[in-house]
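The next block holds one structure in the form of structure tokens; read it before the comments.
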Amino acid sequence: MRRRLSLVSAIVLSVVVAGLAVAAGWLGVITLQNKDEADQKAKAIQSARQMGVNLMSLNVDTAQRDLDRIVAGTTGDLKNKLASQSKAFMDQVTKAKAKSTVSDVEAALVSIDDDSAEVMVSLTGTVTNDKVKNGTPQAYRYQMDLTRVDDRWLVSGLEVVP
């Protein structure tokens with residue numbers, strides 16, 4: 001009778017241990033998925049925030065480098081459009097001797113899935129040029145569509161929002 005009770009106890013204990021192992025593994029997988037999701041959200045927000053900074057950090061002395069930085073953060077049709085308009089952009093910045101600075105940058109995630117995200121970015125930009133020596137800070141808001149390319153979030157759509 002004792003042997004039978006020991007055998008039943010051993011079987012019950014084995015089932016409990018196996019159940020705990022399965023539960024711990026499942027919780028580990030869920031935790032990793034949640035961490036990856038949080039990481040992707042943070043990366044998408046940071047990419048959009050950086051694009052907002054790049055868009056408003058222009059200087060006639062570094063215009064080509066500034067434009068290259070903007071184009072490098074884009075993908076798809078937006079990248080092609082910016083690349084095709086780069087000469088006109090460079091001419092305009094050079095002619096106006098424009099400089100801009102940015103402050104008070106905020107970004108918020110609107111939506112995200114595995115390979116796309118929408119982020120709103122607000123910032124304050126100050127533009128100066130030959131005609132406007134002391135620029136006035138102005139608020140800007142952008143809606144950015146992002147696409148996940150490998151492990152990077154790149155801007156695939158950009159709209160100025162009133």
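Chain labels run A, B, ... following the order of the structure tokens; each chain numbers its residues from 1, and ligands are numbered from 1 in the order shown.
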
Who sits within 9 Å of Ala117 of chain A, only C-alpha atoms, same chain under 3 positions skipped, as an mmCIF file with N, CA and C atoms, in the first residue's frame:
data_model
loop_
_atom_site.group_PDB
_atom_site.id
_atom_site.type_symbol
_atom_site.label_atom_id
_atom_site.label_comp_id
_atom_site.auth_asym_id
_atom_site.auth_seq_id
_atom_site.Cartn_x
_atom_site.Cartn_y
_atom_site.Cartn_z
ATOM 1 N N LYS A 41 8.182 49.372 -30.887
ATOM 2 C CA LYS A 41 7.461 50.637 -30.689
ATOM 3 C C LYS A 41 8.457 51.766 -30.418
ATOM 4 N N ALA A 44 10.398 52.661 -33.624
ATOM 5 C CA ALA A 44 9.566 53.406 -34.583
ATOM 6 C C ALA A 44 9.428 54.861 -34.132
ATOM 7 N N ILE A 45 9.146 55.071 -32.854
ATOM 8 C CA ILE A 45 9.006 56.434 -32.327
ATOM 9 C C ILE A 45 10.316 57.197 -32.479
ATOM 10 N N LEU A 109 3.235 57.409 -30.804
ATOM 11 C CA LEU A 109 2.816 56.322 -31.674
ATOM 12 C C LEU A 109 1.298 56.352 -31.831
ATOM 13 N N VAL A 110 0.845 56.316 -33.083
ATOM 14 C CA VAL A 110 -0.586 56.257 -33.374
ATOM 15 C C VAL A 110 -1.004 54.800 -33.538
ATOM 16 N N SER A 111 -0.227 54.056 -34.341
ATOM 17 C CA SER A 111 -0.522 52.644 -34.553
ATOM 18 C C SER A 111 0.745 51.928 -35.000
ATOM 19 N N ILE A 112 0.748 50.604 -34.824
ATOM 20 C CA ILE A 112 1.895 49.800 -35.242
ATOM 21 C C ILE A 112 1.445 48.376 -35.470
ATOM 22 N N ASP A 113 2.061 47.720 -36.448
ATOM 23 C CA ASP A 113 1.939 46.277 -36.604
ATOM 24 C C ASP A 113 3.340 45.752 -36.916
ATOM 25 N N ASP A 114 3.440 44.557 -37.451
ATOM 26 C CA ASP A 114 4.768 43.957 -37.638
ATOM 27 C C ASP A 114 5.699 44.760 -38.537
ATOM 28 N N MET A 144 3.830 60.776 -39.811
ATOM 29 C CA MET A 144 4.798 59.961 -40.539
ATOM 30 C C MET A 144 4.338 58.510 -40.574
ATOM 31 N N ASP A 145 4.345 57.967 -41.783
ATOM 32 C CA ASP A 145 4.131 56.536 -41.959
ATOM 33 C C ASP A 145 5.514 55.908 -42.037
ATOM 34 N N LEU A 146 5.724 54.846 -41.285
ATOM 35 C CA LEU A 146 7.008 54.173 -41.273
ATOM 36 C C LEU A 146 6.851 52.737 -41.738
ATOM 37 N N THR A 147 7.897 52.240 -42.377
ATOM 38 C CA THR A 147 7.946 50.863 -42.834
ATOM 39 C C THR A 147 9.171 50.203 -42.228
ATOM 40 N N ARG A 148 8.976 49.001 -41.726
ATOM 41 C CA ARG A 148 10.100 48.264 -41.135
ATOM 42 C C ARG A 148 10.861 47.579 -42.255
ATOM 43 N N TRP A 153 13.349 51.181 -38.880
ATOM 44 C CA TRP A 153 12.088 51.821 -39.226
ATOM 45 C C TRP A 153 12.419 53.042 -40.078
#

Would you please give, as a ChimeraX atom specification, all residues of chain A that DSSP assigns to alpha helix (DSSP H) based on the backbone? /A:2-55,63-72,76-84,86-96

From atom CA of Ala107 of chain A to atom CA of Glu37 of chain A the spacing works out at 17.5 Å

- Message: Using only C-alpha atoms, which protein or nucleic acid residues come within 12 Å of segment 130-135 of chain A? Drop anything in the same chain fewer than 5 positions from it, and give the result as a list in words.
- Response: Val60, Val93, Thr94, Lys95, Ala96, Lys97, Ala98, Lys99, Ser100, Thr101, Val102, Thr124 and Gly125 of chain A

Exercise. Which residue gives the smallest distance to Gly76 of chain A among A:Val53, A:Ile11, A:Val155, A:Val161, with only C-alpha atoms counted?
Worked result: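 Looking only at the distances to Gly76 of chain A, the closest residue turns out to be A:Val155.
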
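Restricting the calculation to only C-alpha atoms, the smallest distance between Ala48 of chain A and any of A:Met90, A:Val15, A:Ile70, A:Ala21 is found for A:Ile70.
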